[in-house]
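Student: One structure, as structure tokens, below. Some questions next.
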Amino acid sequence: MSDARFLCLEKLTLSYGKNVAVPEMNLDIGKGELVALLGPSGCGKTTTMRAIAGLMEPSSGAIILDRVDITRTPANKRPVGLVFQSYALFPHLNVYENVAFGLKLMGIRGKKLDDKVQEGLRTVGLSKFATRKPAELSGGQQQRVSLARSMVMEPKVLLLDEPLSNLDARLRLEMRTELQRVQKESGVTMIFVTHDQVEALAMADRIIVMLDGHIEQIGTPEDIYNRPVSDFVADFVGFENVFALEGRKLKTPTGTVELSDTPPRDAKGLAWRPSMVTLGDGPFEGTIRGTSFAGGTREYLLDTPLGPIKAECDASLPAHEFGSVLKFDLPVTKAASLSRVGSL
Ligand SMILES: Nc1ncnc2c1ncn2[C@@H]1O[C@H](COP(=O)(O)OP(=O)(O)OP(=O)(O)O)[C@@H](O)[C@H]1O
């Protein structure tokens with residue numbers, strides 16, 4: 001086994017009664033990776049995490065962790081840690097006692113216990129808060145206690161279910177960096193669930209995009225952001241102009257349209273971010289039906305024979321008026337080339 005196959009899900013099928021939530025999932029996660037499970041509500045992220053943690057039994061398939069088959073290992077015997085979105089701290093225990101709790105259950109006492117707790121608190125930057133109760137901490141600090149409590153158990157894999165979703169915007173940014181730092185310093189393999197693509201792109205070494213119980217794409221943040229393979233992923237990461245191809249032509253709601261360039265041979269679809277649309281020049285025309293100012297850029301919604309098109313340009317350029325007609329192009333050279341178009 002190489003480190004690249006530290007955690008393996010092999011043909012893992014997860015069901016609730018007769019309903020299959022995740023059919024035959026195959027996934028390899030490397031040792032020390034920080035992986036995001038990204039997808040819309042109901043795609044099976046939590047179900048997958050629950051199975052890895054041992055909180056639900058797979059209907060078939062296997063989970064291998066560090067060469068050991070843990071498919072039927074009870075949750076409390078797995079070297080897997082869990083951090084939930086609600087911090088689930090004991091309110092009557094102080095920070096130190098919360099972090100020490102699991103270690104004490106394992107029979108660790110005395111100096112060894114103290115060393116581990118101090119080390120855990122240091123890792124998450126909370127040494128000074130050891131005697132505070134959870135209620136005397138901010139949401140971000142409580143989340144860090146929760147993280148320390150899991151880390152001190154030295155899990156082989158740490159699972160985090162929407163770890164930042166309860167935090168306000170500023171703390172979320174702070175905790176993103178903090179989580180990344182703790183993960184890189186400790187080298188623990190971490191999988192976190194999120195439905196927020198910005199969070200996944202910012203934090204993860206690798207992103208697993210899920211849809212309807214299956215994996216739609218696995219890749220680095222750069223792969224996912226720049227080279228989405230399907231219409232779903234493209235749309236999810238902000239390519240707001242997504243089309244299927246019919247031969248070399250673009251399929252639109254009213255028929256097919258010739259492009260100014262030849263699409264790549266294997267492409268089943270093409271996608272453009274609003275910023276990739278050429279405005280003011282090109283073979284197509286659209287009427288401005290909406291504008292929105294976003295600081296550095298201005299976005300236009302165009303009513304066109306191709307359907308609605310979103311285009312973006314520098315906000316320092318003079319604004320176009322609502323209702324005016326603009327020429328535009330969808331340059332093939334800039335487009336993401338999609339190898340699958342499921343819903344178009
Ligand atoms: N306890 C349950 N009983 C029956 N079906 C369930 C149960 N929990 C989840 N499901 C179904 O399994 C599928 C996957 O759900 P899951 O909770 O894993 O999605 P998710 O991606 O984590 O969604 P969210 O982001 O909303 O938490 C969904 O179709 C859901 O309705």
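Ordered as shown in the structure tokens, chains take letters A, B, and onward, while each chain numbers its residues from 1 and ligands are numbered from 1 in the order shown.
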Would you mind listing the residues within 10 Å of ligand 1, counting only C-alpha atoms and all ligand atoms, as number ranges by chain?

Tutor: A: 14-22, 37-51, 56, 161-162, 193-196, 210-213

Student: Could you pull out the strand (DSSP E) residues of region 94-324 of chain A from DSSP and send them as a count of residues only?

Tutor: 73

Student: Per residue of region 60-116 of chain A within 7 Å of region 163-167 of chain A, which atom pair is closest and at what distance in Å (one decimal), using only C-alpha atoms, listed by chain and increasing number, as CSV?

Tutor:
```
residue,atom,partner,partner_atom,distance
A:Val83,CA,A:Pro163,CA,6.9
A:Phe84,CA,A:Pro163,CA,6.2
A:Gln85,CA,A:Pro163,CA,4.7
```

Student: Those selected residues, please, written with N, CA and C atoms and delivered as a PDB file, in the first residue's frame.

Tutor:
```
ATOM      1  N   VAL A  83     -15.658  15.758  14.329  1.00  0.00           N
ATOM      2  CA  VAL A  83     -15.974  17.089  14.854  1.00  0.00           C
ATOM      3  C   VAL A  83     -17.260  17.533  14.169  1.00  0.00           C
ATOM      4  N   PHE A  84     -18.267  17.813  14.976  1.00  0.00           N
ATOM      5  CA  PHE A  84     -19.562  18.190  14.406  1.00  0.00           C
ATOM      6  C   PHE A  84     -19.677  19.696  14.280  1.00  0.00           C
ATOM      7  N   GLN A  85     -20.712  20.130  13.548  1.00  0.00           N
ATOM      8  CA  GLN A  85     -20.914  21.580  13.405  1.00  0.00           C
ATOM      9  C   GLN A  85     -21.365  22.198  14.722  1.00  0.00           C
TER      10      GLN A  85
END
```

Student: Tell me which of A:Ser186, A:Thr262, A:Thr287, A:Ser339 sits closest to Gly32 (chain A), counting only C-alpha atoms.

Tutor: A:Ser186

Student: Could you state the separation of CA of Arg132 (chain A) and CA of Glu174 (chain A) in Å, given to one decimal place?

Tutor: 20.8 Å

Student: Have a look at A:Ala336, A:Leu301, A:Ile64, A:Met106 and name the one nearest to Asp223 (chain A); count only C-alpha atoms.

Tutor: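 With only C-alpha atoms as the atom set, the closest residue is A:Ala336.
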
Student: Figure out the distance between CA of Met203 (chain A) and CA of Val242 (chain A), please, to one decimal in Å.

Tutor: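 Between these atoms lies a distance of 26.1 Å.
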
Student: Pick out each residue of region 104-169 of chain A that DSSP on the backbone tags as helix (DSSP H, G or I); I need them as a PyMOL selection string.

Tutor: chain A and resi 104-105+110-123+127-129+134-136+139-151+169

Student: Using only C-alpha atoms, pick whichever of A:Ala267, A:Leu12, A:Ala244, A:Ile208 has the shortest atom-to-atom distance to Asp231 (chain A).

Tutor: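 Under the stated criterion, the closest residue is A:Ala244.
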
Student: Write out as a VMD selection string the residues lying within 8 Å of region 320-324 of chain A, counting only C-alpha atoms and excluding same-chain residues fewer than 4 positions away.

Tutor: chain A and resid 287 to 291

Student: What would the file look like if the residues just selected were written as a PDB file, in the first residue's frame with N, CA and C atoms?

Tutor:
```pdb
ATOM      1  N   THR A 287     -29.751  41.946 -25.278  1.00  0.00           N
ATOM      2  CA  THR A 287     -30.318  43.154 -24.673  1.00  0.00           C
ATOM      3  C   THR A 287     -30.102  43.090 -23.161  1.00  0.00           C
ATOM      4  N   ILE A 288     -29.631  44.180 -22.609  1.00  0.00           N
ATOM      5  CA  ILE A 288     -29.368  44.199 -21.158  1.00  0.00           C
ATOM      6  C   ILE A 288     -30.681  44.203 -20.376  1.00  0.00           C
ATOM      7  N   ARG A 289     -30.853  43.166 -19.557  1.00  0.00           N
ATOM      8  CA  ARG A 289     -32.077  43.044 -18.764  1.00  0.00           C
ATOM      9  C   ARG A 289     -31.796  43.182 -17.275  1.00  0.00           C
ATOM     10  N   GLY A 290     -30.540  43.302 -16.936  1.00  0.00           N
ATOM     11  CA  GLY A 290     -30.204  43.481 -15.522  1.00  0.00           C
ATOM     12  C   GLY A 290     -28.726  43.837 -15.378  1.00  0.00           C
ATOM     13  N   THR A 291     -28.415  44.660 -14.395  1.00  0.00           N
ATOM     14  CA  THR A 291     -27.004  44.935 -14.108  1.00  0.00           C
ATOM     15  C   THR A 291     -26.807  44.847 -12.609  1.00  0.00           C
TER      16      THR A 291
END
```

Student: Fewer than 6 positions away in the same chain doesn't count, so skip those; otherwise give me all residues within 9 Å of Leu245 (chain A), counting only C-alpha atoms, as a PDB file with N, CA and C atoms, in the first residue's frame.

Tutor:
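Generated output (around_38.pdb):
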```pdb
ATOM      1  N   LYS A 251     -25.838  24.061 -28.381  1.00  0.00           N
ATOM      2  CA  LYS A 251     -27.271  23.780 -28.285  1.00  0.00           C
ATOM      3  C   LYS A 251     -27.920  24.862 -27.425  1.00  0.00           C
ATOM      4  N   THR A 252     -28.918  25.534 -27.950  1.00  0.00           N
ATOM      5  CA  THR A 252     -29.593  26.589 -27.193  1.00  0.00           C
ATOM      6  C   THR A 252     -31.081  26.238 -27.103  1.00  0.00           C
ATOM      7  N   THR A 256     -29.662  25.359 -32.673  1.00  0.00           N
ATOM      8  CA  THR A 256     -28.209  25.317 -32.524  1.00  0.00           C
ATOM      9  C   THR A 256     -27.574  26.575 -33.104  1.00  0.00           C
ATOM     10  N   PRO A 263     -14.806  23.803 -31.332  1.00  0.00           N
ATOM     11  CA  PRO A 263     -14.634  23.274 -29.966  1.00  0.00           C
ATOM     12  C   PRO A 263     -13.714  22.039 -29.971  1.00  0.00           C
ATOM     13  N   ALA A 267     -15.315  17.371 -26.614  1.00  0.00           N
ATOM     14  CA  ALA A 267     -16.202  18.158 -25.742  1.00  0.00           C
ATOM     15  C   ALA A 267     -17.668  17.830 -25.988  1.00  0.00           C
ATOM     16  N   LYS A 268     -18.393  17.622 -24.886  1.00  0.00           N
ATOM     17  CA  LYS A 268     -19.846  17.405 -24.975  1.00  0.00           C
ATOM     18  C   LYS A 268     -20.583  18.704 -24.607  1.00  0.00           C
ATOM     19  N   GLY A 269     -19.813  19.619 -24.021  1.00  0.00           N
ATOM     20  CA  GLY A 269     -20.407  20.891 -23.644  1.00  0.00           C
ATOM     21  C   GLY A 269     -19.315  21.930 -23.429  1.00  0.00           C
ATOM     22  N   LEU A 270     -19.711  23.195 -23.387  1.00  0.00           N
ATOM     23  CA  LEU A 270     -18.761  24.277 -23.119  1.00  0.00           C
ATOM     24  C   LEU A 270     -19.357  25.189 -22.046  1.00  0.00           C
ATOM     25  N   VAL A 341     -22.476  16.180 -19.969  1.00  0.00           N
ATOM     26  CA  VAL A 341     -23.544  17.152 -19.714  1.00  0.00           C
ATOM     27  C   VAL A 341     -24.797  16.365 -19.333  1.00  0.00           C
TER      28      VAL A 341
END
```

Student: Arg67 (chain A): which residues within 12 Å, counting only C-alpha atoms, same-chain residues fewer than 4 positions away excluded, as a PyMOL selection string?

Tutor: chain A and resi 1-9+31+62-63+71+156
